[in-house]
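Colleague: Sharing a structure below in structure tokens format, with a few things to ask.
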Amino acid sequence: MADSKKRNITWHHPLVTQEDRERKNRHKGVVLWLTGLPSSGKSTLGHAIERLLFEKGCSSYVLDGDNIRHRLNKDLGFTPKARKENIRRIGEVANLFTDAGVIVITAFISPYREDREQARALNEAGRFFEIFCKCSVMECERRDPKGLYRRARKGEIKLFTGVSAPYEEP
């Protein structure tokens with residue numbers, strides 16, 4: 001069944017190429033992949049980078065973990081399998097942005113190295129930059145605006161990265 005579906009799908013090559021878009025934008029499309037523990041500053045840093053790029057005339061966009069889970073990935077939970085699928089989808093979306101000549105900034109915990117490598121593999125060499133927002137669990141917990149660490153420590157949130165689920169540092 002899956003093979004018959006694939007036979008009915010054709011890849012359409014664009015008339016406007018990535019090179020055309022980048023020439024118009026006057027910059028390459030790249031992925032800046034921010035990763036780190038919850039409350040390590042990924043979203044804050046990502047939006048600050050976007051603001052600076054915007055002010056310099058660059059075409060950029062932030063894909064934020066919470067925002068993506070409100071819509072595109074609202075069907076996913078936080079099991080290792082669901083986290084893998086979350087990052088797979090984001091990697092694909094980020095790749096579409098780079099094809100459009102956009103500097104895409106992702107802000108996702110993305111706790112597993114293998115998943116980050118899979119996202120990297122979707123891009124040509126020199127178009128994916130993994131940025132580790134290194135912050136201790138203690139500091140992340142101190143600055144946690146949503147109280148998630150407190151809830152995780154009480155057992156109210158299962159599989160919480162940094163408390164009851166792993167984070168594999170780059």
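Each chain in the structure tokens gets a letter, A, B and so on, in the order shown; residues start at 1 in every chain, and ligands are counted from 1 in the order they appear.
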Where in chain A does DSSP assign alpha helix (DSSP H), given as an NGL selection string?
Modeller: :A and (2-7 or 18-25 or 42-55 or 65-70 or 80-99 or 113-121 or 137-143 or 148-153)
Colleague: Give me the residues within 7 Å of range 61-66 of chain A as a VMD selection string, counting only C-alpha atoms and dropping any in the same chain fewer than 2 places off.
Modeller: chain A and resid 43 46 to 47 50 68 to 70 103 to 108
Colleague: Can you tell me which residues surround Ser60 in chain A at a distance of at most 10 Å, considering only C-alpha atoms, apart from same-chain residues fewer than 2 positions away, and format the answer as JSON, numbers by chain?
Modeller: {"A": [29, 30, 31, 49, 50, 51, 52, 53, 54, 57, 58, 62, 97, 98, 101, 102, 103, 104, 105]}
Colleague: Please identify all polymer residues within 7 Å of range 139-148 of chain A, counting only C-alpha atoms, omitting same-chain residues fewer than 4 positions from it, and present them as a ChimeraX atom specification.
Modeller: /A:38-40,135,152
Colleague: Based on the backbone DSSP call, show me all residues of range 35-134 of chain A assigned strand (DSSP E), as a VMD selection string.
Modeller: chain A and resid 35 60 to 64 103 to 107 128 to 132
Colleague: Can you list, as number ranges by chain, every protein, DNA or RNA residue that comes within 8 Å of Gly91 in chain A when you count only C-alpha atoms, leaving out same-chain residues fewer than 3 positions away?
Modeller: A: 87-88, 94-95, 118-120, 122
Colleague: With only C-alpha atoms as the atoms that count, which of A:Val16, A:Arg150, A:Gly162, A:Thr44 lies nearest to Val137 in chain A?
Modeller: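 Result for the nearest residue to Val137 in chain A: A:Gly162.
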Colleague: Please provide as a PDB file with N, CA, C and O atoms, in the first residue's frame all residues within 10 Å of Tyr112 in chain A, with the sequence filter that same-chain residues fewer than 2 positions apart are discarded (counting only C-alpha atoms).
Modeller:
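This is the output file out.pdb:
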```pdb
ATOM      1  N   THR A  35      19.436  24.565  20.929  1.00  0.00           N
ATOM      2  CA  THR A  35      19.063  23.408  21.728  1.00  0.00           C
ATOM      3  C   THR A  35      19.543  23.597  23.157  1.00  0.00           C
ATOM      4  O   THR A  35      20.541  24.287  23.394  1.00  0.00           O
ATOM      5  N   PRO A  80       9.656   9.556  24.246  1.00  0.00           N
ATOM      6  CA  PRO A  80      10.810   9.592  23.329  1.00  0.00           C
ATOM      7  C   PRO A  80      10.390   9.488  21.852  1.00  0.00           C
ATOM      8  O   PRO A  80      10.912  10.210  21.010  1.00  0.00           O
ATOM      9  N   ARG A  83       8.830  12.824  20.835  1.00  0.00           N
ATOM     10  CA  ARG A  83       9.874  13.854  20.725  1.00  0.00           C
ATOM     11  C   ARG A  83      10.646  13.685  19.421  1.00  0.00           C
ATOM     12  O   ARG A  83      10.977  14.664  18.752  1.00  0.00           O
ATOM     13  N   LYS A  84      10.934  12.441  19.064  1.00  0.00           N
ATOM     14  CA  LYS A  84      11.641  12.149  17.811  1.00  0.00           C
ATOM     15  C   LYS A  84      10.834  12.671  16.612  1.00  0.00           C
ATOM     16  O   LYS A  84      11.372  13.305  15.720  1.00  0.00           O
ATOM     17  N   ILE A  87      10.861  16.546  16.397  1.00  0.00           N
ATOM     18  CA  ILE A  87      12.092  17.084  15.818  1.00  0.00           C
ATOM     19  C   ILE A  87      12.203  16.726  14.333  1.00  0.00           C
ATOM     20  O   ILE A  87      12.683  17.525  13.531  1.00  0.00           O
ATOM     21  N   ILE A 109      14.028  22.054  22.650  1.00  0.00           N
ATOM     22  CA  ILE A 109      14.870  21.301  23.571  1.00  0.00           C
ATOM     23  C   ILE A 109      15.682  20.294  22.773  1.00  0.00           C
ATOM     24  O   ILE A 109      16.878  20.198  22.941  1.00  0.00           O
ATOM     25  N   SER A 110      15.028  19.566  21.879  1.00  0.00           N
ATOM     26  CA  SER A 110      15.655  18.524  21.044  1.00  0.00           C
ATOM     27  C   SER A 110      16.707  17.750  21.843  1.00  0.00           C
ATOM     28  O   SER A 110      17.900  17.872  21.585  1.00  0.00           O
ATOM     29  N   GLU A 114      20.832  12.034  18.227  1.00  0.00           N
ATOM     30  CA  GLU A 114      20.442  11.367  16.978  1.00  0.00           C
ATOM     31  C   GLU A 114      19.405  12.184  16.205  1.00  0.00           C
ATOM     32  O   GLU A 114      19.483  12.318  14.987  1.00  0.00           O
ATOM     33  N   ASP A 115      18.451  12.759  16.913  1.00  0.00           N
ATOM     34  CA  ASP A 115      17.404  13.556  16.269  1.00  0.00           C
ATOM     35  C   ASP A 115      17.977  14.851  15.694  1.00  0.00           C
ATOM     36  O   ASP A 115      17.600  15.287  14.602  1.00  0.00           O
ATOM     37  N   ARG A 116      18.891  15.474  16.429  1.00  0.00           N
ATOM     38  CA  ARG A 116      19.528  16.701  15.923  1.00  0.00           C
ATOM     39  C   ARG A 116      20.369  16.377  14.684  1.00  0.00           C
ATOM     40  O   ARG A 116      20.402  17.157  13.728  1.00  0.00           O
ATOM     41  N   GLU A 117      21.027  15.235  14.701  1.00  0.00           N
ATOM     42  CA  GLU A 117      21.822  14.821  13.538  1.00  0.00           C
ATOM     43  C   GLU A 117      20.927  14.560  12.329  1.00  0.00           C
ATOM     44  O   GLU A 117      21.297  14.870  11.199  1.00  0.00           O
ATOM     45  N   PRO A 166      16.180  12.403  29.907  1.00  0.00           N
ATOM     46  CA  PRO A 166      17.558  12.823  29.628  1.00  0.00           C
ATOM     47  C   PRO A 166      17.664  13.981  28.631  1.00  0.00           C
ATOM     48  O   PRO A 166      16.740  14.237  27.848  1.00  0.00           O
ATOM     49  N   TYR A 167      18.791  14.663  28.697  1.00  0.00           N
ATOM     50  CA  TYR A 167      19.203  15.616  27.669  1.00  0.00           C
ATOM     51  C   TYR A 167      20.632  15.251  27.294  1.00  0.00           C
ATOM     52  O   TYR A 167      21.516  15.215  28.162  1.00  0.00           O
ATOM     53  N   GLU A 168      20.848  14.965  26.011  1.00  0.00           N
ATOM     54  CA  GLU A 168      22.167  14.593  25.524  1.00  0.00           C
ATOM     55  C   GLU A 168      22.851  15.844  24.963  1.00  0.00           C
ATOM     56  O   GLU A 168      22.474  16.334  23.905  1.00  0.00           O
ATOM     57  N   GLU A 169      23.831  16.347  25.711  1.00  0.00           N
ATOM     58  CA  GLU A 169      24.522  17.563  25.277  1.00  0.00           C
ATOM     59  C   GLU A 169      25.275  17.342  23.973  1.00  0.00           C
ATOM     60  O   GLU A 169      25.781  16.259  23.727  1.00  0.00           O
ATOM     61  N   PRO A 170      25.329  18.381  23.161  1.00  0.00           N
ATOM     62  CA  PRO A 170      26.134  18.281  21.928  1.00  0.00           C
ATOM     63  C   PRO A 170      27.603  18.059  22.256  1.00  0.00           C
ATOM     64  O   PRO A 170      28.057  18.411  23.333  1.00  0.00           O
TER      65      PRO A 170
END
```
Colleague: Between CA of Asn25 in chain A and CA of Asp99 in chain A, measure the distance and give it in Å to one decimal.
Modeller: 12.1 Å
Colleague: Just how far from CA of Leu34 in chain A is CA of Ile131 in chain A, in Å to one decimal?
Modeller: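 Between CA of Ile131 in chain A and CA of Leu34 in chain A the gap is 4.8 Å.
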